[in-house]
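Engineer: Sharing input_32.txt here; it has compact mmCIF, C-alpha atoms.
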# COMPACT_ATOMS: atom_id res chain seq x y z
CA MET J 299 0.00 0.00 0.00
CA ARG J 300 1.06 3.59 -0.64
CA ILE J 301 1.21 6.30 2.02
CA GLY J 302 2.12 9.98 2.21
CA ILE J 303 2.98 12.36 5.05
CA VAL J 304 1.33 15.79 5.26
CA GLY J 305 3.64 18.11 7.20
CA PHE J 306 7.35 17.71 7.83
CA GLY J 307 8.10 19.54 11.04
CA VAL J 308 9.38 17.79 14.17
CA GLY J 309 6.42 15.38 14.17
CA GLY J 310 6.75 14.35 10.54
CA ARG J 311 10.53 14.06 10.70
CA LEU J 312 10.97 12.26 14.05
CA PHE J 313 7.69 10.57 14.93
CA HIS J 314 6.38 9.41 11.56
CA LEU J 315 9.03 9.13 8.86
CA PRO J 316 11.39 6.66 10.65
CA TYR J 317 8.52 4.31 11.46
CA VAL J 318 6.89 4.49 8.02
CA GLN J 319 10.31 3.68 6.56
CA ALA J 320 10.71 0.74 8.95
CA ALA J 321 7.25 -0.64 8.12
CA THR J 322 8.19 -2.24 4.82
CA GLU J 323 4.55 -3.09 4.12
CA TRP J 324 4.16 0.56 3.10
CA GLU J 325 5.56 2.44 0.12
CA LEU J 326 6.27 6.08 1.00
CA VAL J 327 5.04 8.20 -1.91
CA GLY J 328 6.16 11.59 -0.58
CA ALA J 329 5.55 14.34 1.93
CA VAL J 330 3.88 17.73 1.82
CA ALA J 331 6.68 20.18 2.58
CA ARG J 332 6.31 23.69 1.24
CA SER J 333 9.08 25.82 2.75
CA GLU J 334 12.69 25.59 1.60
CA ARG J 335 13.69 24.56 5.11
CA THR J 336 11.29 21.63 5.34
CA ARG J 337 12.06 20.52 1.78
CA ALA J 338 15.76 20.48 2.65
CA ALA J 339 15.00 18.51 5.83
CA LEU J 340 13.03 15.96 3.80
CA ALA J 341 15.82 15.60 1.24
CA ASP J 342 18.31 15.00 4.04
CA ALA J 343 16.16 12.52 5.98
CA ALA J 344 14.69 10.64 3.00
CA PRO J 345 16.79 11.09 -0.15
CA GLY J 346 14.73 10.63 -3.29
CA VAL J 347 11.36 10.98 -1.56
CA PRO J 348 9.53 13.79 -3.38
CA ALA J 349 8.09 16.90 -1.73
CA PHE J 350 4.61 18.06 -2.65
CA ALA J 351 3.10 21.54 -2.33
CA SER J 352 -0.33 20.44 -1.07
CA LEU J 353 -2.44 17.57 0.20
CA ASP J 354 -4.30 17.39 -3.11
CA ALA J 355 -1.05 17.16 -5.07
CA LEU J 356 0.09 14.29 -2.85
CA ILE J 357 -3.23 12.45 -3.28
CA ASP J 358 -3.07 13.01 -7.04
CA ALA J 359 0.26 11.13 -7.03
CA GLY J 360 -1.64 8.06 -5.86
CA VAL J 361 -1.88 7.12 -2.18
CA ASP J 362 -4.02 4.76 -0.15
CA ALA J 363 -3.52 6.69 3.10
CA VAL J 364 -2.13 9.97 4.39
CA VAL J 365 -0.71 11.01 7.74
CA ILE J 366 -1.85 14.48 8.86
CA THR J 367 0.89 15.86 11.13
CA THR J 368 0.52 19.61 10.58
CA PRO J 369 -0.10 22.09 13.45
CA PRO J 370 -3.30 21.27 15.42
CA ALA J 371 -5.32 24.25 14.18
CA THR J 372 -4.96 23.02 10.56
CA ARG J 373 -5.85 19.36 11.02
CA ARG J 374 -9.64 19.43 10.88
CA GLU J 375 -9.80 20.83 7.34
CA LEU J 376 -7.05 18.53 6.09
CA VAL J 377 -8.64 15.41 7.59
CA LEU J 378 -12.00 16.31 6.05
CA ARG J 379 -10.41 17.00 2.66
CA ALA J 380 -8.48 13.73 2.66
CA LEU J 381 -11.62 11.77 3.49
CA GLU J 382 -13.51 13.65 0.79
CA ARG J 383 -10.80 12.59 -1.69
CA GLY J 384 -11.33 8.96 -0.67
CA VAL J 385 -8.14 8.06 1.19
CA HIS J 386 -7.60 6.59 4.64
CA VAL J 387 -6.28 8.99 7.29
CA VAL J 388 -3.95 8.92 10.26
CA ALA J 389 -4.56 12.07 12.33
CA ASP J 390 -1.83 13.16 14.70
CA LYS J 391 -2.85 13.96 18.24
CA PRO J 392 -4.50 16.01 19.54
CA PHE J 393 -7.15 14.39 17.37
CA ALA J 394 -9.50 17.36 17.76
CA PRO J 395 -9.84 20.49 19.93
CA ASP J 396 -13.04 19.14 21.49
CA ALA J 397 -15.40 16.17 21.41
CA ALA J 398 -17.86 17.90 19.06
CA THR J 399 -15.15 18.27 16.40
CA ALA J 400 -14.01 14.70 17.01
CA ARG J 401 -17.56 13.47 16.36
CA GLU J 402 -17.67 15.52 13.15
CA LEU J 403 -14.49 13.87 11.86
CA ILE J 404 -15.71 10.41 12.86
CA ALA J 405 -19.01 10.98 11.04
CA ALA J 406 -17.12 12.12 7.93
CA ALA J 407 -14.96 8.97 7.96
CA ARG J 408 -17.98 6.72 8.29
CA ALA J 409 -19.82 8.55 5.52
CA ALA J 410 -16.77 8.23 3.25
CA GLU J 411 -16.37 4.55 4.22
CA ARG J 412 -12.70 5.16 4.90
CA THR J 413 -10.55 4.33 7.93
CA LEU J 414 -9.66 7.21 10.24
CA THR J 415 -7.34 6.57 13.18
CA VAL J 416 -5.27 8.63 15.61
CA PHE J 417 -1.52 8.42 16.15
CA HIS J 418 -1.52 7.31 19.77
CA ASN J 419 1.97 5.94 19.26
CA ARG J 420 2.79 5.92 22.98
CA ARG J 421 0.82 2.69 23.32
CA TRP J 422 4.12 1.26 22.09
CA ASP J 423 6.41 3.11 24.54
CA THR J 424 9.00 0.82 26.09
CA ASP J 425 7.87 1.56 29.65
CA LEU J 426 4.19 1.01 28.85
CA VAL J 427 4.79 -2.24 26.96
CA THR J 428 6.82 -3.51 29.93
CA LEU J 429 4.16 -2.39 32.42
CA ARG J 430 1.50 -4.25 30.43
CA SER J 431 3.47 -7.45 30.92
CA VAL J 432 3.66 -6.85 34.69
CA LEU J 433 -0.10 -6.33 34.90
CA ALA J 434 -0.76 -9.38 32.73
CA SER J 435 1.36 -11.52 35.07
CA GLY J 436 -1.06 -10.86 37.94
CA ALA J 437 1.82 -10.14 40.33
CA LEU J 438 0.19 -6.94 41.63
CA GLY J 439 -3.22 -8.49 42.22
CA PRO J 440 -6.22 -6.20 41.71
CA VAL J 441 -5.00 -2.64 41.09
CA TRP J 442 -5.99 0.25 43.38
CA ARG J 443 -4.30 3.23 41.79
CA ALA J 444 -1.66 4.50 39.39
CA ASP J 445 0.64 7.53 39.30
CA PHE J 446 1.87 8.58 35.85
CA ALA J 447 4.03 11.57 34.88
CA LEU J 448 5.40 12.76 31.55
CA GLU J 449 7.25 15.97 32.43
CA GLN J 450 9.66 17.76 30.11
CA ASP J 451 11.89 20.82 30.49
CA ASP J 452 10.92 22.08 27.05
CA ARG J 453 8.61 25.11 27.21
CA ALA J 454 9.68 26.31 23.75
CA VAL J 455 8.07 23.27 22.08
CA LEU J 456 4.43 23.85 22.94
CA ASP J 457 1.34 24.30 20.79
CA GLN J 458 0.10 27.85 21.39
CA GLY J 459 -3.50 29.07 21.49
CA PRO J 460 -6.65 28.87 23.62
CA ASP J 461 -7.66 25.45 22.20
CA GLU J 462 -4.20 23.90 22.41
CA GLY J 463 -1.57 23.70 25.16
CA LEU J 464 -0.04 20.82 27.09
CA LEU J 465 -3.31 19.16 28.15
CA ARG J 466 -4.23 18.55 24.49
CA ASP J 467 -0.64 17.57 23.67
CA LEU J 468 1.00 15.27 26.23
CA GLY J 469 -2.30 14.91 28.06
CA ALA J 470 -3.73 13.05 25.07
CA HIS J 471 -0.92 10.51 25.35
CA VAL J 472 -1.09 9.75 29.07
CA VAL J 473 -4.90 9.67 29.17
CA ASP J 474 -4.88 7.21 26.26
CA GLN J 475 -2.26 5.07 28.01
CA LEU J 476 -4.22 4.91 31.25
CA THR J 477 -7.54 4.13 29.60
CA GLN J 478 -5.82 1.31 27.71
CA LEU J 479 -4.61 -0.12 31.02
CA PHE J 480 -7.57 0.48 33.31
CA GLY J 481 -10.57 1.18 31.09
CA PRO J 482 -12.82 4.19 30.48
CA VAL J 483 -12.88 7.23 32.79
CA GLU J 484 -16.15 8.33 34.37
CA ARG J 485 -15.09 11.37 36.48
CA VAL J 486 -12.24 13.88 36.35
CA ASP J 487 -10.66 16.32 38.82
CA ALA J 488 -8.13 18.67 37.23
CA HIS J 489 -5.72 21.56 37.75
CA LEU J 490 -3.94 23.46 34.95
CA ASP J 491 -0.85 25.71 35.14
CA TRP J 492 -1.22 28.77 32.89
CA ILE J 493 1.03 31.34 31.26
CA GLY J 494 0.02 34.35 29.15
CA THR J 495 -3.26 36.20 28.88
CA GLY J 496 -6.15 36.52 26.44
CA ASP J 497 -5.66 34.68 23.15
CA ARG J 498 -2.07 33.89 24.18
CA ARG J 499 -3.11 32.14 27.40
CA VAL J 500 -1.95 28.54 27.30
CA ASP J 501 -1.63 25.69 29.81
CA VAL J 502 1.95 24.54 30.38
CA GLY J 503 1.23 21.98 33.09
CA PHE J 504 -1.59 19.82 34.40
CA PHE J 505 -2.55 17.45 37.19
CA LEU J 506 -5.50 15.12 36.59
CA GLY J 507 -7.35 12.76 38.89
CA LEU J 508 -9.02 10.11 36.75
CA HIS J 509 -11.72 7.90 38.28
CA HIS J 510 -12.01 4.83 36.05
CA VAL J 511 -15.22 2.85 35.69
CA SER J 512 -13.21 -0.19 36.83
CA GLY J 513 -12.61 1.43 40.23
CA VAL J 514 -8.93 2.24 39.63
CA PHE J 515 -7.84 5.82 40.41
CA SER J 516 -5.11 7.39 38.26
CA ALA J 517 -3.11 10.51 39.09
CA VAL J 518 -1.60 12.04 35.96
CA SER J 519 0.78 14.99 35.79
CA SER J 520 2.87 16.79 33.22
CA THR J 521 4.70 20.07 32.77
CA LYS J 522 6.79 21.87 30.20
CA GLY J 523 7.18 25.02 32.23
CA ALA J 524 8.85 24.15 35.54
CA ARG J 525 12.40 23.23 34.51
CA ARG J 526 11.59 19.68 35.53
CA GLN J 527 12.34 16.39 33.79
CA ASP J 528 10.56 13.26 35.02
CA ARG J 529 8.97 10.17 33.57
CA ARG J 530 7.35 7.73 35.91
CA MET J 531 4.83 4.93 36.04
CA ILE J 532 3.85 3.69 39.50
CA VAL J 533 1.05 1.16 39.91
CA VAL J 534 -0.15 0.01 43.34
CA GLY J 535 -2.17 -3.17 43.80
CA HIS J 536 -3.36 -5.51 46.55
CA GLU J 537 -0.19 -7.62 46.33
CA GLY J 538 2.51 -5.01 45.70
CA ASN J 539 3.68 -2.21 43.46
CA TYR J 540 5.64 -1.60 40.27
CA GLU J 541 7.71 1.55 39.75
CA SER J 542 9.38 2.59 36.50
CA HIS J 543 11.44 5.68 35.60
CA MET J 544 12.51 4.60 32.14
CA ALA J 545 13.61 7.15 29.56
CA ASP J 546 11.85 8.11 26.33
CA VAL J 547 13.94 5.34 24.76
CA GLN J 548 12.96 5.61 21.10
CA PHE J 549 13.32 9.39 21.00
CA GLU J 550 16.75 9.19 22.62
CA GLN J 551 17.83 6.60 20.07
CA LEU J 552 16.65 8.74 17.16
CA ILE J 553 18.56 11.75 18.50
CA ALA J 554 21.64 9.52 18.82
CA GLY J 555 21.38 8.66 15.12
CA LEU J 556 19.79 5.21 15.35
CA THR J 557 16.67 4.20 13.40
CA PRO J 558 14.18 1.34 13.85
CA ALA J 559 15.01 0.06 10.37
CA ALA J 560 18.81 0.06 10.67
CA ASN J 561 19.09 -0.84 14.37
CA ALA J 562 16.26 -3.31 14.92
CA ASP J 563 18.38 -5.49 17.22
CA VAL J 564 18.61 -2.82 19.93
CA TRP J 565 15.65 -0.64 19.07
CA GLY J 566 13.27 0.37 21.87
CA ILE J 567 15.01 -1.58 24.66
CA GLU J 568 15.85 0.26 27.90
CA ALA J 569 19.29 0.11 29.53
CA GLU J 570 19.38 -2.37 32.42
CA GLU J 571 20.17 0.29 35.03
CA ARG J 572 16.79 1.94 34.29
CA TRP J 573 14.61 -1.17 34.40
CA GLY J 574 11.49 -0.92 36.55
CA VAL J 575 11.18 -2.55 39.98
CA LEU J 576 8.41 -4.94 41.04
CA THR J 577 7.95 -5.22 44.81
CA THR J 578 5.77 -7.93 46.40
CA ALA J 579 5.82 -10.03 49.58
CA ASP J 580 8.62 -12.02 47.93
CA GLY J 581 10.87 -8.95 47.73
CA ALA J 582 11.93 -6.50 45.01
CA ILE J 583 13.10 -7.55 41.55
CA ARG J 584 14.08 -5.63 38.43
CA VAL J 585 11.80 -6.35 35.48
CA PRO J 586 13.66 -6.70 32.16
CA SER J 587 12.71 -4.15 29.52
CA LEU J 588 10.53 -5.34 26.69
CA ARG J 589 10.86 -3.78 23.26
CA GLY J 590 8.86 -0.67 22.39
CA ASP J 591 8.49 0.17 18.71
CA TYR J 592 6.17 2.77 17.17
CA THR J 593 6.60 0.94 13.85
CA GLU J 594 3.92 -1.42 15.13
CA PHE J 595 1.35 1.38 14.72
CA TYR J 596 1.93 1.36 10.96
CA ARG J 597 2.16 -2.42 10.69
CA ASP J 598 -1.13 -2.71 12.56
CA LEU J 599 -2.75 -0.11 10.30
CA HIS J 600 -1.65 -2.03 7.20
CA ARG J 601 -3.04 -5.30 8.59
CA ALA J 602 -6.36 -3.63 9.44
CA LEU J 603 -6.77 -2.04 6.00
CA ALA J 604 -5.86 -5.30 4.25
CA ALA J 605 -8.37 -7.25 6.35
CA GLY J 606 -11.08 -4.58 6.41
CA THR J 607 -10.99 -4.44 10.22
CA SER J 608 -10.48 -1.66 12.76
CA PRO J 609 -6.90 -0.65 13.63
CA ASN J 610 -5.58 -0.84 17.19
CA VAL J 611 -6.53 2.80 17.89
CA THR J 612 -10.29 2.83 17.39
CA LEU J 613 -12.43 5.92 16.86
CA ASP J 614 -14.44 5.22 20.00
CA GLU J 615 -11.20 5.19 22.02
CA ALA J 616 -9.93 8.37 20.36
CA LEU J 617 -13.26 10.12 21.05
CA HIS J 618 -13.20 9.03 24.69
CA THR J 619 -9.72 10.51 25.15
CA VAL J 620 -10.89 13.86 23.76
CA ALA J 621 -13.98 13.76 25.99
CA VAL J 622 -11.77 13.16 29.05
CA LEU J 623 -9.61 16.15 28.06
CA ASP J 624 -12.77 18.27 27.66
CA ALA J 625 -13.89 17.24 31.15
CA ALA J 626 -10.43 18.00 32.56
CA ARG J 627 -10.44 21.48 31.09
CA GLU J 628 -13.93 22.14 32.47
CA SER J 629 -12.91 20.85 35.89
CA ALA J 630 -9.83 23.09 35.96
CA LEU J 631 -11.86 26.16 34.99
CA THR J 632 -14.78 25.55 37.38
CA GLY J 633 -13.03 23.83 40.29
CA GLU J 634 -15.64 21.07 40.18
CA ARG J 635 -15.39 17.33 39.55
CA VAL J 636 -16.74 16.66 36.06
CA THR J 637 -18.44 13.54 34.71
CA VAL J 638 -17.20 12.40 31.31
What do you get writing this file as structure tokens?

Structural biologist:
Amino acid sequence: MRIGIVGFGVGGRLFHLPYVQAATEWELVGAVARSERTRAALADAAPGVPAFASLDALIDAGVDAVVITTPPATRRELVLRALERGVHVVADKPFAPDAATARELIAAARAAERTLTVFHNRRWDTDLVTLRSVLASGALGPVWRADFALEQDDRAVLDQGPDEGLLRDLGAHVVDQLTQLFGPVERVDAHLDWIGTGDRRVDVGFFLGLHHVSGVFSAVSSTKGARRQDRRMIVVGHEGNYESHMADVQFEQLIAGLTPAANADVWGIEAEERWGVLTTADGAIRVPSLRGDYTEFYRDLHRALAAGTSPNVTLDEALHTVAVLDAARESALTGERVTV
């Protein structure tokens, strides 16, 4: 199948291109890159892959699917246009600024009879994949609560605007991760950290209390504005706890010059000194890192399209994540607990 990338900023270059290239089931047709800078970046990262001036020009070249990874404010129109042109769509997160817009995009996909999915790639993070194995083992017993953080000292890289900010950005990832582990959320308590005023007011940090239908309680935090770097997953159950402070392994490997295609033998595996620790009545043990690989998102999408089935990231799941983020924003603004 043939695929194209729409947008070649940081997202297109680091979070999509390497994994599309590694997923050999796909043929990369090209990327929409209009400025001289992004065209030069494409030529450097993917020699011989053509640059196109628009989504329509890319579709005219013949694609089965497109990846929309342009700035959030532009995605709605591009997703709708791609569906109108009859191609399958991967929408980067945040999927939509609110649940109403998400429902509009879902309705358009169903009317067009085309697959629309969301790039919740962090389902394949090394730390999350390893945590899944711990939960599946039953070593923790029934889970009471979880404490997740994805905090970065990187205020300069933040979507600006009243409908964007960190909650829609990293919040979409951690909420999706936790709902994958513990099921849908029914109530939300939230706090947001703000900078700026008026149309330039944007959230640069959040703390969410998620009450899952399953009875598990999740505390979720993130910041890009406090000169703080932390990444943690702590899960507490009847029989013990598991604590992980693994790195953002795949990103670090990309920055170091590795790729999932060329370095498959070591890709997505955490260094032993950062393995998570499982503590039960039998004592504490380090849990070996499993492999995380965002390439699986694209392999799964190919399998789903070939079989006519739903991909791993379903539209119902993507909508639920947006609805949780809507509830979190409302809770932060009103000071009240909000039902999803």

Engineer: Do you have the CA of Asp591 in chain J-CA of Trp422 in chain J distance handy?

Structural biologist: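 Between CA of Asp591 in chain J and CA of Trp422 in chain J the gap is 5.6 Å.
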
Engineer: Which one of J:Pro316, J:Gly310, J:Gly606, J:Pro482 sits closest to Gln551 in chain J if you count all atoms listed in the file?

Structural biologist: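 Looking only at the distances to Gln551 in chain J, the closest residue turns out to be J:Pro316.
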
Engineer: Considering only C-alpha atoms, state which residue in the set J:Asp425, J:Asp624, J:Glu484, J:Asp451 is at the smallest distance from Gly566 in chain J.

Structural biologist: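 Among J:Asp425, J:Asp624, J:Glu484, J:Asp451, it is J:Asp425 that comes nearest to Gly566 in chain J.
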
Engineer: Applying 6 Å and all atoms listed in the file, which residues near range 374-389 of chain J remain after dropping the ones on its own chain fewer than 5 positions away? List them as a list in words.

Structural biologist: Asp362, Ala363, Val364, Val365, Ile366, Arg412, Thr413, Leu414, Thr415 and Val416 of chain J

Engineer: May I ask which of the residues J:Arg485, J:Arg430, J:Arg601, J:Arg300 is the closest one to Ala359 in chain J, counting all atoms listed in the file?

Structural biologist: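 Closest to Ala359 in chain J, using all atoms listed in the file: J:Arg300.
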